[in-house]
$ cat my_file-v1.txt   # compact mmCIF, C-alpha atoms
# COMPACT_ATOMS: atom_id res chain seq x y z
CA MET A 1 127.39 55.81 96.39
CA SER A 2 129.10 52.82 97.96
CA THR A 3 132.76 51.99 97.81
CA ILE A 4 134.18 49.95 94.95
CA THR A 5 134.37 46.86 97.16
CA GLU A 6 130.75 47.22 98.29
CA ILE A 7 129.49 47.66 94.73
CA LEU A 8 131.42 44.65 93.43
CA ASP A 9 130.35 42.52 96.40
CA ARG A 10 126.72 43.43 95.70
CA ALA A 11 127.23 42.67 91.99
CA ARG A 12 128.64 39.23 92.76
CA SER A 13 125.81 38.42 95.18
CA ARG A 14 122.92 39.28 92.83
CA ASP A 15 122.97 35.83 91.24
CA ALA A 16 125.51 33.24 92.34
CA GLY A 17 124.76 31.15 89.25
CA LEU A 18 126.00 33.65 86.69
CA PRO A 19 128.75 32.43 84.33
CA TYR A 20 130.67 35.68 84.95
CA ALA A 21 131.59 37.74 88.03
CA GLY A 22 128.28 39.57 88.51
CA ALA A 23 125.87 42.30 87.44
CA VAL A 24 125.73 46.02 88.23
CA THR A 25 123.03 48.62 87.82
CA PRO A 26 123.75 51.55 85.49
CA ALA A 27 124.23 53.84 88.53
CA GLU A 28 126.68 51.37 90.08
CA ALA A 29 128.58 51.14 86.78
CA HIS A 30 128.85 54.92 86.63
CA ALA A 31 130.04 55.06 90.25
CA LEU A 32 132.70 52.42 89.58
CA ILE A 33 133.96 54.31 86.53
CA GLY A 34 134.14 57.53 88.53
CA ALA A 35 135.87 55.89 91.49
CA ASP A 36 138.58 53.97 89.63
CA GLY A 37 140.21 55.08 86.38
CA ALA A 38 141.19 51.48 85.61
CA VAL A 39 137.56 50.27 85.36
CA LYS A 40 136.50 49.89 81.73
CA LEU A 41 133.07 49.96 80.15
CA ILE A 42 132.92 47.70 77.09
CA ASP A 43 130.07 48.79 74.81
CA VAL A 44 129.14 45.74 72.73
CA ARG A 45 126.47 47.44 70.64
CA THR A 46 127.06 47.90 66.93
CA ASN A 47 128.94 50.92 65.62
CA ALA A 48 125.64 52.02 64.05
CA GLU A 49 123.89 51.96 67.42
CA ARG A 50 126.57 54.09 69.01
CA ASP A 51 126.53 56.51 66.05
CA TRP A 52 122.74 56.77 65.61
CA VAL A 53 121.40 56.22 69.13
CA GLY A 54 124.15 57.54 71.37
CA ARG A 55 126.93 56.46 73.67
CA VAL A 56 127.99 56.84 77.26
CA ALA A 57 129.90 60.01 78.12
CA ILE A 58 132.84 58.73 80.13
CA PRO A 59 136.60 59.23 79.80
CA GLU A 60 137.89 57.75 76.54
CA ALA A 61 140.50 55.69 78.39
CA GLN A 62 137.67 53.87 80.18
CA HIS A 63 135.52 53.23 77.10
CA GLY A 64 135.98 50.27 74.80
CA ALA A 65 133.81 49.72 71.73
CA VAL A 66 133.77 46.03 70.75
CA GLN A 67 130.78 44.94 68.68
CA TRP A 68 129.16 41.66 69.76
CA SER A 69 127.46 41.45 66.38
CA THR A 70 127.96 43.52 63.25
CA TYR A 71 125.70 45.85 61.31
CA PRO A 72 124.10 45.27 58.91
CA GLY A 73 122.99 41.70 59.29
CA GLY A 74 123.52 41.13 62.99
CA VAL A 75 126.05 38.37 62.42
CA PRO A 76 128.39 37.51 65.30
CA ASN A 77 131.61 39.52 65.26
CA PRO A 78 134.33 36.96 64.43
CA GLN A 79 136.95 39.41 65.76
CA PHE A 80 135.31 39.92 69.17
CA ALA A 81 138.02 38.21 71.24
CA GLU A 82 140.87 39.92 69.41
CA GLN A 83 139.22 43.34 69.64
CA LEU A 84 138.53 42.89 73.34
CA ALA A 85 142.18 41.94 73.92
CA ALA A 86 143.20 45.19 72.22
CA VAL A 87 141.29 47.33 74.76
CA ALA A 88 141.36 45.30 77.99
CA LYS A 89 143.66 43.23 80.17
CA LYS A 90 142.65 39.91 81.69
CA ASP A 91 142.48 41.33 85.24
CA ASP A 92 140.69 44.62 84.43
CA VAL A 93 137.25 45.24 85.91
CA LEU A 94 135.12 45.11 82.74
CA LEU A 95 131.55 46.39 82.63
CA PHE A 96 129.71 45.13 79.54
CA LEU A 97 126.92 47.29 78.07
CA CYS A 98 124.45 46.74 75.23
CA ARG A 99 121.02 48.18 74.38
CA SER A 100 118.91 46.32 76.93
CA GLY A 101 121.16 43.81 78.69
CA VAL A 102 121.09 40.70 76.50
CA ARG A 103 124.20 40.89 74.32
CA SER A 104 126.21 42.21 77.26
CA ARG A 105 125.48 39.03 79.23
CA HIS A 106 126.74 36.91 76.34
CA ALA A 107 129.84 39.09 76.01
CA ALA A 108 130.60 38.87 79.75
CA LYS A 109 130.23 35.10 79.59
CA LEU A 110 132.53 34.73 76.58
CA ALA A 111 135.11 37.10 78.06
CA THR A 112 135.11 35.06 81.26
CA GLU A 113 135.61 31.89 79.22
CA GLN A 114 138.54 33.66 77.52
CA GLY A 115 140.23 34.20 80.90
CA TYR A 116 139.05 37.69 81.88
CA THR A 117 138.51 37.47 85.62
CA GLN A 118 136.31 40.47 86.46
CA CYS A 119 133.47 40.63 83.94
CA TYR A 120 130.21 42.32 84.95
CA ASP A 121 126.99 42.83 83.01
CA ILE A 122 125.36 46.26 83.21
CA LEU A 123 121.71 45.48 83.93
CA GLU A 124 119.07 47.18 81.75
CA GLY A 125 121.65 48.28 79.15
CA PHE A 126 121.96 51.70 77.54
CA GLU A 127 118.32 52.19 76.45
CA GLY A 128 116.44 49.70 78.62
CA ASP A 129 113.32 47.79 77.61
CA LYS A 130 110.50 49.19 75.49
CA ASP A 131 107.65 50.99 77.20
CA ALA A 132 103.94 50.38 76.42
CA ASP A 133 104.26 52.60 73.33
CA GLY A 134 107.31 50.75 72.01
CA HIS A 135 109.81 53.47 72.96
CA ARG A 136 113.11 52.96 74.74
CA LYS A 137 115.00 55.19 77.21
CA THR A 138 111.91 55.41 79.44
CA VAL A 139 112.01 52.02 81.23
CA GLY A 140 115.37 51.35 82.83
CA GLY A 141 118.85 51.70 81.41
CA TRP A 142 121.76 54.13 81.44
CA CYS A 143 119.76 56.94 79.77
CA LYS A 144 116.69 56.59 82.01
CA ALA A 145 118.96 56.68 85.08
CA GLY A 146 120.05 60.17 84.02
CA LEU A 147 123.67 59.18 83.54
CA PRO A 148 125.82 61.14 81.07
CA TRP A 149 125.51 60.24 77.41
CA LEU A 150 126.01 61.80 73.99
CA GLY A 151 124.07 61.39 70.79
CA ALA A 152 120.64 61.33 69.25

$ encode --input "my_file-v1.txt" --output "structure tokens"
Amino acid sequence: MSTITEILDRARSRDAGLPYAGAVTPAEAHALIGADGAVKLIDVRTNAERDWVGRVAIPEAQHGAVQWSTYPGGVPNPQFAEQLAAVAKKDDVLLFLCRSGVRSRHAAKLATEQGYTQCYDILEGFEGDKDADGHRKTVGGWCKAGLPWLGA
């Protein structure tokens, strides 16, 4: 895989209009995590999703679990900013992950607005979009890319 600089340059160039630093593929996210122990993946799915569906298998020091919305009910997490501050510094490279890449974009945007300078969305998310039969993990995402994960 490419160097850290090449991956981040590619991420920033994917869409110059993004309200955060850029977007990486799941494989690029995994390469960044492996190349630099300071890079952090921020999983913004609910605790229930991580418990029942699975989670990325990366070093604990590089994994932050900060719900964008809560379960049950799907209401916005009023503690999001405080919880993010507890696991990340303003200048950390932060890779935001959700199920399919929607909540992670919102989280990257809000984190950027909060002063975090290197926020990246992980495209396709953990499970990716649904296939023709309504199943996930077969069309894009961390799992489909064959990257390490634990769970159901």

$ closest_residue --input "my_file-v1.txt" --among "A:Trp149, A:Phe96, A:Tyr116, A:Trp52" --to "Thr25 (chain A)" --atoms "only C-alpha atoms"
A:Phe96

$ closest_residue --input "my_file-v1.txt" --among "A:Ala21, A:Leu32, A:Gln62, A:Phe126" --to "Val102 (chain A)" --atoms "only C-alpha atoms"
A:Phe126

$ closest_residue --input "my_file-v1.txt" --among "A:Arg10, A:Arg50, A:His135, A:His63" --to "His30 (chain A)" --atoms "only C-alpha atoms"
A:His63

$ closest_residue --input "my_file-v1.txt" --among "A:Glu82, A:Ala111, A:Ile7, A:Thr70" --to "Pro26 (chain A)" --atoms "all atoms listed in the file"
A:Ile7

$ residues_around --input "my_file-v1.txt" --residues "Arg105 (chain A)" --least-positions-apart "3" --cutoff "9 Å" --atoms "all atoms listed in the file" --output "PDB file with C-alpha atoms, in the coordinates of the input"
ATOM      1  CA  PRO A  19     128.750  32.430  84.330  1.00  0.00           C
ATOM      2  CA  TYR A  20     130.670  35.680  84.950  1.00  0.00           C
ATOM      3  CA  ALA A  23     125.870  42.300  87.440  1.00  0.00           C
ATOM      4  CA  PHE A  96     129.710  45.130  79.540  1.00  0.00           C
ATOM      5  CA  LEU A  97     126.920  47.290  78.070  1.00  0.00           C
ATOM      6  CA  CYS A  98     124.450  46.740  75.230  1.00  0.00           C
ATOM      7  CA  GLY A 101     121.160  43.810  78.690  1.00  0.00           C
ATOM      8  CA  VAL A 102     121.090  40.700  76.500  1.00  0.00           C
ATOM      9  CA  ALA A 108     130.600  38.870  79.750  1.00  0.00           C
ATOM     10  CA  LYS A 109     130.230  35.100  79.590  1.00  0.00           C
ATOM     11  CA  LEU A 110     132.530  34.730  76.580  1.00  0.00           C
ATOM     12  CA  TYR A 120     130.210  42.320  84.950  1.00  0.00           C
ATOM     13  CA  ASP A 121     126.990  42.830  83.010  1.00  0.00           C
ATOM     14  CA  ILE A 122     125.360  46.260  83.210  1.00  0.00           C
ATOM     15  CA  LEU A 123     121.710  45.480  83.930  1.00  0.00           C
TER      16      LEU A 123
END

$ atom_distance --input "my_file-v1.txt" --atom1 "CA of Asp91 (chain A)" --atom2 "CA of Thr5 (chain A)"
15.4 Å

$ residues_around --input "my_file-v1.txt" --residues "Val87 (chain A)" --least-positions-apart "3" --cutoff "8 Å" --atoms "only C-alpha atoms" --output "PyMOL selection string"
chain A and resi 64+83-84

$ closest_residue --input "my_file-v1.txt" --among "A:Arg99, A:Lys130, A:Lys90, A:Lys144" --to "Arg45 (chain A)" --atoms "only C-alpha atoms"
A:Arg99

$ atom_distance --input "my_file-v1.txt" --atom1 "CA of Pro72 (chain A)" --atom2 "CA of Asn47 (chain A)"
10.0 Å

$ closest_residue --input "my_file-v1.txt" --among "A:Val24, A:Val44, A:Arg55, A:Ala38" --to "Gly151 (chain A)" --atoms "all atoms listed in the file"
A:Arg55

$ atom_distance --input "my_file-v1.txt" --atom1 "CA of Pro78 (chain A)" --atom2 "CA of Val93 (chain A)"
23.2 Å
